[in-house]
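Text of the file upload-v7.tsv, holding TSV, N, CA and C atoms and all ligand atoms:
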```tsv
chain	number	residue	atom	x	y	z
A	246	MET	N	2.91	12.56	-11.59
A	246	MET	CA	2.98	12.00	-10.24
A	246	MET	C	4.43	11.97	-9.75
A	247	ASP	N	4.60	12.44	-8.53
A	247	ASP	CA	5.96	12.49	-7.96
A	247	ASP	C	6.24	11.19	-7.19
A	248	ARG	N	6.84	10.25	-7.89
A	248	ARG	CA	7.08	8.92	-7.29
A	248	ARG	C	8.01	9.01	-6.07
A	249	LYS	N	9.03	9.81	-6.21
A	249	LYS	CA	10.02	9.91	-5.10
A	249	LYS	C	9.36	10.46	-3.84
A	250	TYR	N	8.48	11.43	-4.02
A	250	TYR	CA	7.81	12.01	-2.84
A	250	TYR	C	6.88	10.98	-2.18
A	251	LEU	N	6.20	10.21	-3.02
A	251	LEU	CA	5.30	9.17	-2.47
A	251	LEU	C	6.12	8.14	-1.68
A	252	ILE	N	7.27	7.77	-2.21
A	252	ILE	CA	8.16	6.83	-1.51
A	252	ILE	C	8.67	7.45	-0.21
A	253	LYS	N	9.03	8.70	-0.28
A	253	LYS	CA	9.52	9.41	0.93
A	253	LYS	C	8.47	9.35	2.03
A	254	ARG	N	7.21	9.58	1.66
A	254	ARG	CA	6.13	9.55	2.65
A	254	ARG	C	5.94	8.14	3.20
A	255	ALA	N	6.11	7.14	2.35
A	255	ALA	CA	6.00	5.74	2.81
A	255	ALA	C	7.14	5.42	3.77
A	256	LEU	N	8.33	5.91	3.48
A	256	LEU	CA	9.49	5.68	4.36
A	256	LEU	C	9.28	6.34	5.72
A	257	GLU	N	8.68	7.51	5.72
A	257	GLU	CA	8.37	8.19	6.99
A	257	GLU	C	7.36	7.37	7.79
A	258	ALA	N	6.34	6.88	7.08
A	258	ALA	CA	5.29	6.09	7.76
A	258	ALA	C	5.85	4.79	8.32
A	259	GLN	N	6.83	4.23	7.62
A	259	GLN	CA	7.44	2.97	8.07
A	259	GLN	C	8.01	3.09	9.48
A	260	LYS	N	8.50	4.28	9.80
A	260	LYS	CA	9.09	4.50	11.13
A	260	LYS	C	8.06	4.35	12.25
A	261	LYS	N	6.78	4.50	11.90
A	261	LYS	CA	5.72	4.44	12.90
A	261	LYS	C	5.19	3.02	13.10
A	262	ALA	N	5.73	2.06	12.35
A	262	ALA	CA	5.21	0.68	12.42
A	262	ALA	C	5.16	0.20	13.87
A	263	TYR	N	4.04	-0.43	14.20
A	263	TYR	CA	3.90	-1.03	15.54
A	263	TYR	C	4.03	-2.54	15.35
A	264	VAL	N	5.25	-3.03	15.56
A	264	VAL	CA	5.56	-4.41	15.19
A	264	VAL	C	6.30	-5.16	16.30
A	265	PRO	N	5.71	-5.25	17.49
A	265	PRO	CA	6.43	-5.91	18.58
A	265	PRO	C	6.65	-7.40	18.36
A	266	TYR	N	5.90	-8.02	17.46
A	266	TYR	CA	5.97	-9.48	17.28
A	266	TYR	C	6.88	-9.86	16.12
A	267	SER	N	6.61	-9.34	14.94
A	267	SER	CA	7.45	-9.71	13.79
A	267	SER	C	8.71	-8.85	13.70
A	268	LYS	N	8.64	-7.63	14.23
A	268	LYS	CA	9.74	-6.65	14.08
A	268	LYS	C	9.97	-6.28	12.61
A	269	PHE	N	9.01	-6.61	11.77
A	269	PHE	CA	9.13	-6.34	10.33
A	269	PHE	C	8.33	-5.06	10.01
A	270	ARG	N	9.06	-4.00	9.68
A	270	ARG	CA	8.43	-2.70	9.50
A	270	ARG	C	8.02	-2.45	8.06
A	271	VAL	N	6.78	-2.02	7.87
A	271	VAL	CA	6.28	-1.71	6.53
A	271	VAL	C	5.63	-0.33	6.58
A	272	GLY	N	5.85	0.44	5.53
A	272	GLY	CA	5.21	1.75	5.39
A	272	GLY	C	4.57	1.87	4.03
A	273	SER	N	3.55	2.69	3.95
A	273	SER	CA	2.85	2.84	2.68
A	273	SER	C	2.34	4.26	2.53
A	274	ALA	N	2.22	4.70	1.28
A	274	ALA	CA	1.61	6.01	1.01
A	274	ALA	C	0.73	5.86	-0.22
A	275	VAL	N	-0.48	6.39	-0.09
A	275	VAL	CA	-1.49	6.27	-1.14
A	275	VAL	C	-1.75	7.65	-1.75
A	276	LEU	N	-1.81	7.69	-3.06
A	276	LEU	CA	-2.17	8.92	-3.77
A	276	LEU	C	-3.59	8.79	-4.28
A	277	THR	N	-4.45	9.71	-3.87
A	277	THR	CA	-5.85	9.64	-4.29
A	277	THR	C	-6.05	10.47	-5.57
A	278	GLU	N	-7.26	10.37	-6.11
A	278	GLU	CA	-7.55	11.00	-7.41
A	278	GLU	C	-7.32	12.51	-7.40
A	279	ASP	N	-7.60	13.15	-6.26
A	279	ASP	CA	-7.45	14.61	-6.20
A	279	ASP	C	-6.06	15.06	-5.76
A	280	GLY	N	-5.13	14.11	-5.66
A	280	GLY	CA	-3.76	14.48	-5.32
A	280	GLY	C	-3.43	14.42	-3.83
A	281	SER	N	-4.40	14.02	-3.02
A	281	SER	CA	-4.12	13.89	-1.58
A	281	SER	C	-3.27	12.65	-1.34
A	282	ILE	N	-2.52	12.68	-0.25
A	282	ILE	CA	-1.69	11.53	0.13
A	282	ILE	C	-2.06	11.10	1.55
A	283	TYR	N	-2.25	9.80	1.71
A	283	TYR	CA	-2.50	9.21	3.03
A	283	TYR	C	-1.43	8.15	3.27
A	284	THR	N	-0.95	8.09	4.49
A	284	THR	CA	0.11	7.13	4.80
A	284	THR	C	-0.37	6.12	5.82
A	285	GLY	N	0.36	5.01	5.89
A	285	GLY	CA	0.02	3.99	6.89
A	285	GLY	C	1.21	3.11	7.20
A	286	CYS	N	1.16	2.49	8.36
A	286	CYS	CA	2.18	1.52	8.76
A	286	CYS	C	1.46	0.24	9.16
A	287	ASN	N	2.23	-0.83	9.31
A	287	ASN	CA	1.60	-2.06	9.81
A	287	ASN	C	1.42	-1.97	11.32
A	288	ILE	N	0.36	-2.58	11.77
A	288	ILE	CA	-0.02	-2.54	13.19
A	288	ILE	C	-0.32	-3.97	13.62
A	289	GLU	N	0.49	-4.48	14.53
A	289	GLU	CA	0.33	-5.87	14.95
A	289	GLU	C	-0.38	-5.96	16.30
A	290	ILE	N	-1.16	-7.02	16.44
A	290	ILE	CA	-1.98	-7.24	17.63
A	290	ILE	C	-1.54	-8.58	18.24
A	291	SER	N	-1.52	-8.63	19.56
A	291	SER	CA	-0.95	-9.82	20.22
A	291	SER	C	-1.68	-11.11	19.87
A	292	SER	N	-2.96	-11.03	19.53
A	292	SER	CA	-3.66	-12.25	19.11
A	292	SER	C	-3.51	-12.48	17.60
A	293	TYR	N	-2.60	-11.73	16.99
A	293	TYR	CA	-2.11	-11.87	15.60
A	293	TYR	C	-3.12	-11.59	14.48
A	294	SER	N	-4.28	-12.27	14.48
A	294	SER	CA	-5.13	-12.16	13.28
A	294	SER	C	-5.68	-10.75	13.03
A	295	PRO	N	-5.88	-9.92	14.04
A	295	PRO	CA	-6.35	-8.55	13.72
A	295	PRO	C	-5.26	-7.65	13.13
A	296	THR	N	-4.06	-8.14	13.01
A	296	THR	CA	-2.94	-7.35	12.45
A	296	THR	C	-3.34	-6.72	11.12
A	297	LEU	N	-2.94	-5.46	10.96
A	297	LEU	CA	-3.29	-4.75	9.73
A	297	LEU	C	-2.01	-4.37	8.98
A	298	CYS	N	-2.00	-4.66	7.68
A	298	CYS	CA	-0.86	-4.30	6.84
A	298	CYS	C	-0.82	-2.78	6.63
A	299	ALA	N	0.38	-2.30	6.32
A	299	ALA	CA	0.57	-0.87	6.09
A	299	ALA	C	-0.30	-0.35	4.93
A	300	GLU	N	-0.40	-1.14	3.88
A	300	GLU	CA	-1.16	-0.71	2.70
A	300	GLU	C	-2.63	-0.49	3.07
A	301	ARG	N	-3.18	-1.44	3.82
A	301	ARG	CA	-4.59	-1.29	4.17
A	301	ARG	C	-4.81	-0.16	5.17
A	302	THR	N	-3.85	0.05	6.05
A	302	THR	CA	-3.97	1.19	6.96
A	302	THR	C	-4.10	2.48	6.14
A	303	ALA	N	-3.20	2.65	5.17
A	303	ALA	CA	-3.20	3.88	4.36
A	303	ALA	C	-4.47	3.98	3.51
A	304	ILE	N	-4.86	2.88	2.90
A	304	ILE	CA	-6.06	2.90	2.03
A	304	ILE	C	-7.30	3.21	2.86
A	305	PHE	N	-7.43	2.57	4.01
A	305	PHE	CA	-8.64	2.78	4.82
A	305	PHE	C	-8.69	4.19	5.38
A	306	LYS	N	-7.53	4.76	5.65
A	306	LYS	CA	-7.51	6.16	6.07
A	306	LYS	C	-8.07	7.05	4.96
A	307	ALA	N	-7.63	6.79	3.72
A	307	ALA	CA	-8.10	7.60	2.58
A	307	ALA	C	-9.59	7.43	2.36
A	308	ILE	N	-10.04	6.18	2.38
A	308	ILE	CA	-11.46	5.92	2.10
A	308	ILE	C	-12.33	6.51	3.21
A	309	SER	N	-11.87	6.40	4.44
A	309	SER	CA	-12.67	6.90	5.56
A	309	SER	C	-12.71	8.43	5.58
A	310	GLU	N	-11.85	9.06	4.80
A	310	GLU	CA	-11.90	10.52	4.67
A	310	GLU	C	-12.68	10.94	3.43
A	311	GLY	N	-13.31	9.97	2.77
A	311	GLY	CA	-14.22	10.31	1.68
A	311	GLY	C	-13.69	10.05	0.28
A	312	HIS	N	-12.45	9.59	0.17
A	312	HIS	CA	-11.91	9.32	-1.17
A	312	HIS	C	-12.43	7.99	-1.68
A	313	LYS	N	-12.53	7.89	-3.01
A	313	LYS	CA	-13.10	6.68	-3.59
A	313	LYS	C	-12.14	5.98	-4.53
A	314	LYS	N	-11.11	6.70	-4.93
A	314	LYS	CA	-10.23	6.16	-5.96
A	314	LYS	C	-8.76	6.39	-5.60
A	315	ILE	N	-7.98	5.33	-5.86
A	315	ILE	CA	-6.54	5.38	-5.60
A	315	ILE	C	-5.80	5.40	-6.93
A	316	LYS	N	-4.92	6.38	-7.10
A	316	LYS	CA	-4.15	6.46	-8.35
A	316	LYS	C	-2.84	5.68	-8.25
A	317	ALA	N	-2.26	5.72	-7.06
A	317	ALA	CA	-0.97	5.03	-6.87
A	317	ALA	C	-0.77	4.71	-5.40
A	318	ILE	N	0.07	3.69	-5.17
A	318	ILE	CA	0.42	3.33	-3.79
A	318	ILE	C	1.90	2.95	-3.77
A	319	ALA	N	2.61	3.47	-2.78
A	319	ALA	CA	4.01	3.10	-2.60
A	319	ALA	C	4.12	2.24	-1.36
A	320	VAL	N	4.99	1.23	-1.43
A	320	VAL	CA	5.18	0.30	-0.32
A	320	VAL	C	6.67	0.17	-0.04
A	321	VAL	N	7.04	0.28	1.22
A	321	VAL	CA	8.43	0.01	1.62
A	321	VAL	C	8.41	-0.94	2.82
A	322	GLY	N	9.38	-1.83	2.87
A	322	GLY	CA	9.41	-2.78	3.97
A	322	GLY	C	10.84	-3.18	4.29
A	323	ASP	N	10.98	-4.09	5.22
A	323	ASP	CA	12.31	-4.48	5.68
A	323	ASP	C	12.99	-5.52	4.80
A	324	SER	N	12.29	-6.01	3.77
A	324	SER	CA	12.93	-6.95	2.85
A	324	SER	C	13.32	-6.22	1.56
A	325	ASP	N	14.06	-6.91	0.72
A	325	ASP	CA	14.47	-6.33	-0.55
A	325	ASP	C	13.24	-6.30	-1.47
A	326	TYR	N	12.67	-5.14	-1.68
A	326	TYR	CA	11.39	-4.97	-2.38
A	326	TYR	C	10.28	-5.76	-1.67
A	327	THR	N	9.59	-5.10	-0.79
A	327	THR	CA	8.47	-5.73	-0.07
A	327	THR	C	7.19	-5.52	-0.91
A	328	TYR	N	6.66	-6.62	-1.38
A	328	TYR	CA	5.47	-6.56	-2.24
A	328	TYR	C	4.20	-6.66	-1.41
A	329	PRO	N	3.12	-6.04	-1.87
A	329	PRO	CA	1.86	-6.15	-1.13
A	329	PRO	C	1.37	-7.60	-1.07
A	330	CYS	N	0.85	-7.99	0.07
A	330	CYS	CA	0.32	-9.35	0.22
A	330	CYS	C	-0.95	-9.50	-0.63
A	331	GLY	N	-1.43	-10.71	-0.74
A	331	GLY	CA	-2.59	-10.99	-1.58
A	331	GLY	C	-3.84	-10.24	-1.13
A	332	VAL	N	-4.02	-10.16	0.18
A	332	VAL	CA	-5.21	-9.46	0.70
A	332	VAL	C	-5.14	-7.98	0.32
A	333	CYS	N	-3.97	-7.39	0.49
A	333	CYS	CA	-3.82	-5.96	0.15
A	333	CYS	C	-3.99	-5.73	-1.35
A	334	ARG	N	-3.55	-6.66	-2.16
A	334	ARG	CA	-3.75	-6.52	-3.61
A	334	ARG	C	-5.24	-6.44	-3.93
A	335	GLN	N	-6.03	-7.27	-3.25
A	335	GLN	CA	-7.47	-7.26	-3.50
A	335	GLN	C	-8.09	-5.94	-3.01
A	336	VAL	N	-7.57	-5.40	-1.92
A	336	VAL	CA	-8.10	-4.13	-1.41
A	336	VAL	C	-7.70	-2.98	-2.35
A	337	ILE	N	-6.48	-3.02	-2.87
A	337	ILE	CA	-6.08	-2.00	-3.86
A	337	ILE	C	-7.00	-2.09	-5.07
A	338	ARG	N	-7.30	-3.31	-5.48
A	338	ARG	CA	-8.18	-3.56	-6.64
A	338	ARG	C	-9.54	-2.89	-6.46
A	339	GLU	N	-10.07	-2.94	-5.24
A	339	GLU	CA	-11.38	-2.37	-4.96
A	339	GLU	C	-11.43	-0.88	-5.30
A	340	PHE	N	-10.35	-0.17	-4.98
A	340	PHE	CA	-10.35	1.28	-5.12
A	340	PHE	C	-9.40	1.78	-6.20
A	341	GLY	N	-8.72	0.85	-6.88
A	341	GLY	CA	-7.75	1.30	-7.88
A	341	GLY	C	-7.46	0.28	-8.94
A	342	LYS	N	-8.48	-0.01	-9.75
A	342	LYS	CA	-8.28	-1.00	-10.82
A	342	LYS	C	-7.10	-0.62	-11.73
A	343	ASP	N	-6.91	0.70	-11.91
A	343	ASP	CA	-5.82	1.17	-12.78
A	343	ASP	C	-4.64	1.73	-11.98
A	344	ALA	N	-4.59	1.38	-10.71
A	344	ALA	CA	-3.56	1.96	-9.85
A	344	ALA	C	-2.16	1.49	-10.23
A	345	ILE	N	-1.21	2.38	-9.95
A	345	ILE	CA	0.21	2.03	-10.08
A	345	ILE	C	0.71	1.64	-8.70
A	346	VAL	N	1.42	0.52	-8.63
A	346	VAL	CA	1.96	0.04	-7.36
A	346	VAL	C	3.48	0.19	-7.43
A	347	ILE	N	4.01	0.99	-6.50
A	347	ILE	CA	5.46	1.24	-6.45
A	347	ILE	C	6.03	0.49	-5.25
A	348	VAL	N	6.97	-0.38	-5.53
A	348	VAL	CA	7.59	-1.18	-4.48
A	348	VAL	C	9.03	-0.69	-4.37
A	349	ALA	N	9.37	-0.11	-3.23
A	349	ALA	CA	10.63	0.62	-3.16
A	349	ALA	C	11.56	0.15	-2.05
A	350	ASN	N	12.85	0.21	-2.35
A	350	ASN	CA	13.87	0.06	-1.31
A	350	ASN	C	14.30	1.43	-0.81
A	351	SER	N	14.24	2.41	-1.71
A	351	SER	CA	14.59	3.79	-1.36
A	351	SER	C	13.96	4.69	-2.42
A	352	GLU	N	14.13	5.99	-2.25
A	352	GLU	CA	13.57	6.94	-3.23
A	352	GLU	C	14.16	6.74	-4.62
A	353	ASP	N	15.37	6.19	-4.68
A	353	ASP	CA	16.04	6.02	-5.97
A	353	ASP	C	16.04	4.59	-6.48
A	354	ASP	N	15.52	3.69	-5.69
A	354	ASP	CA	15.57	2.27	-6.05
A	354	ASP	C	14.17	1.69	-5.87
A	355	TYR	N	13.44	1.68	-6.98
A	355	TYR	CA	12.07	1.17	-6.89
A	355	TYR	C	11.65	0.47	-8.18
A	356	ARG	N	10.62	-0.35	-8.03
A	356	ARG	CA	10.01	-1.02	-9.18
A	356	ARG	C	8.56	-0.59	-9.23
A	357	GLU	N	8.04	-0.60	-10.45
A	357	GLU	CA	6.69	-0.09	-10.63
A	357	GLU	C	5.84	-1.07	-11.43
A	358	TYR	N	4.62	-1.28	-11.00
A	358	TYR	CA	3.72	-2.23	-11.64
A	358	TYR	C	2.34	-1.62	-11.75
A	359	THR	N	1.55	-2.17	-12.65
A	359	THR	CA	0.12	-1.87	-12.59
A	359	THR	C	-0.50	-2.90	-11.65
A	360	LEU	N	-1.62	-2.52	-11.08
A	360	LEU	CA	-2.31	-3.47	-10.20
A	360	LEU	C	-2.64	-4.74	-10.97
A	361	ASP	N	-2.99	-4.55	-12.24
A	361	ASP	CA	-3.37	-5.68	-13.08
A	361	ASP	C	-2.20	-6.67	-13.26
A	362	GLU	N	-1.00	-6.18	-13.22
A	362	GLU	CA	0.16	-7.09	-13.31
A	362	GLU	C	0.30	-7.92	-12.04
A	363	LEU	N	-0.03	-7.30	-10.90
A	363	LEU	CA	0.13	-7.99	-9.62
A	363	LEU	C	-1.07	-8.86	-9.28
A	364	LEU	N	-2.22	-8.51	-9.87
A	364	LEU	CA	-3.44	-9.28	-9.60
A	364	LEU	C	-4.23	-9.43	-10.91
A	365	PRO	N	-3.71	-10.30	-11.79
A	365	PRO	CA	-4.37	-10.45	-13.10
A	365	PRO	C	-5.71	-11.18	-12.99
A	366	HIS	N	-6.55	-10.94	-13.96
A	366	HIS	CA	-7.86	-11.62	-14.03
A	366	HIS	C	-8.61	-11.48	-12.71
A	367	SER	N	-8.64	-10.27	-12.20
A	367	SER	CA	-9.17	-10.07	-10.85
A	367	SER	C	-10.69	-9.97	-10.81
A	368	PHE	N	-11.20	-10.24	-9.64
A	368	PHE	CA	-12.61	-10.04	-9.33
A	368	PHE	C	-12.73	-8.65	-8.71
A	369	GLY	N	-13.79	-7.91	-9.08
A	369	GLY	CA	-13.94	-6.57	-8.51
A	369	GLY	C	-15.37	-6.11	-8.49
A	370	PRO	N	-15.57	-4.86	-8.09
A	370	PRO	CA	-16.92	-4.32	-7.92
A	370	PRO	C	-17.81	-4.48	-9.15
A	371	GLU	N	-17.20	-4.37	-10.34
A	371	GLU	CA	-18.00	-4.45	-11.58
A	371	GLU	C	-18.66	-5.81	-11.72
A	372	ASP	N	-18.06	-6.84	-11.15
A	372	ASP	CA	-18.63	-8.19	-11.27
A	372	ASP	C	-19.98	-8.30	-10.58
A	373	LEU	N	-20.20	-7.44	-9.62
A	373	LEU	CA	-21.45	-7.53	-8.85
A	373	LEU	C	-22.56	-6.66	-9.42
A	374	LYS	N	-22.25	-6.01	-10.56
A	374	LYS	CA	-23.28	-5.12	-11.16
A	374	LYS	C	-24.17	-5.90	-12.10
B	401	LIG	N1	2.90	-6.71	6.09
B	401	LIG	C1	2.48	-5.52	5.57
B	401	LIG	O1	2.31	-4.53	6.30
B	401	LIG	N2	2.25	-5.45	4.23
B	401	LIG	C2	2.41	-6.49	3.37
B	401	LIG	O2	2.02	-6.39	2.22
B	401	LIG	C3	3.11	-7.68	3.83
B	401	LIG	C4	3.10	-7.90	5.29
B	401	LIG	C5	3.13	-6.78	7.53
B	401	LIG	C6	2.13	-7.60	8.29
B	401	LIG	C7	2.92	-7.98	9.52
B	401	LIG	O3	2.83	-6.92	10.46
B	401	LIG	C8	4.36	-8.05	9.02
B	401	LIG	O4	4.39	-7.37	7.80
B	401	LIG	C9	4.89	-9.46	8.85
B	401	LIG	O5	4.02	-10.21	8.07
```
Once you've parsed the file, please lay out its structure as structure tokens.
Amino acid sequence: MDRKYLIKRALEAQKKAYVPYSKFRVGSAVLTEDGSIYTGCNIEISSYSPTLCAERTAIFKAISEGHKKIKAIAVVGDSDYTYPCGVCRQVIREFGKDAIVIVANSEDDYREYTLDELLPHSFGPEDLK
């Protein structure tokens, strides 16, 4: 897996953030099982609650194109290492129990986690079987 390329794609997506309220830009890039990459930015809505995080934008784009599994996700934001919020962690869990989560400041400055490290003892699809 080319971590730097995934981060590069997330950085490109970050530029598209629609953030008139928080001005906090986030970008994300998702790697699917077959090697495809989908990107997303955060999108804010004036009534606030419909706001969508960059990670979920990217994941939902991948899923809506027929992918079922996420191998890795890169996240970049305006803070020093922007970590996925709790809701996004649960969404990553749905499609990537074994996913690698890359939290990056730049292509050369990143931290890497398993989803299980960020969301231990998680609830997921298997629980409903
Ligand atoms: N945000 C993300 O896009 N991803 C996260 O994981 C954290 C928060 C966005 C949502 C909102 O547009 C802005 O950052 C400030 O919360």
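Of the listed residues A:Ala255, A:Lys374, A:Asp279, A:Asp343, the one whose atoms come nearest to Thr359 (chain A) is A:Asp343, with distances taken using all atoms listed in the file.
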Expected answer as a count of residues only: residues within 5 Å of ligand LIG 401 (chain B), all atoms listed in the file:
8
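The residue that comes closest to Ser291 (chain A), out of A:Glu371, A:Ile337, A:Tyr263, A:Asn350 and on the basis of only C-alpha atoms, is A:Tyr263.
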Rounded to one decimal in Å, what is the spacing between atom C of Leu276 (chain A) and atom C of Met246 (chain A)?
10.2 Å
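Using all atoms listed in the file, the shortest contact distance between His312 (chain A) and any of A:Gln335, A:Thr277, A:Gly272, A:Thr284 is found at A:Thr277.
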Between A:Val332, A:Ile282, A:Ala258, A:Leu363, which has the minimum distance to Ile318 (chain A) (counting only C-alpha atoms)?
A:Ile282
Which residue is closest to Tyr283 (chain A)? Choose from A:Ser267, A:Ser324, A:Gln259, A:Thr302 and count all atoms listed in the file.
A:Thr302
Distance criterion (only C-alpha atoms): nearest to His366 (chain A) out of A:Ala317, A:Pro295, A:Ser273, A:Arg338:
A:Arg338
May I ask for the distance between CA of Glu357 (chain A) and atom N of Ile308 (chain A), given in Å to one decimal place?
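Computed distance, CA of Glu357 (chain A) to atom N of Ile308 (chain A), equals 22.1 Å.
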Length of the CA of Arg248 (chain A) to CA of Ala307 (chain A) vector [Å]
18.2 Å
Give me every helix (DSSP H, G or I) residue in chain A, going by DSSP on the backbone, as number ranges by chain.
A: 248-259, 299-309, 331-340, 360-363, 370-373
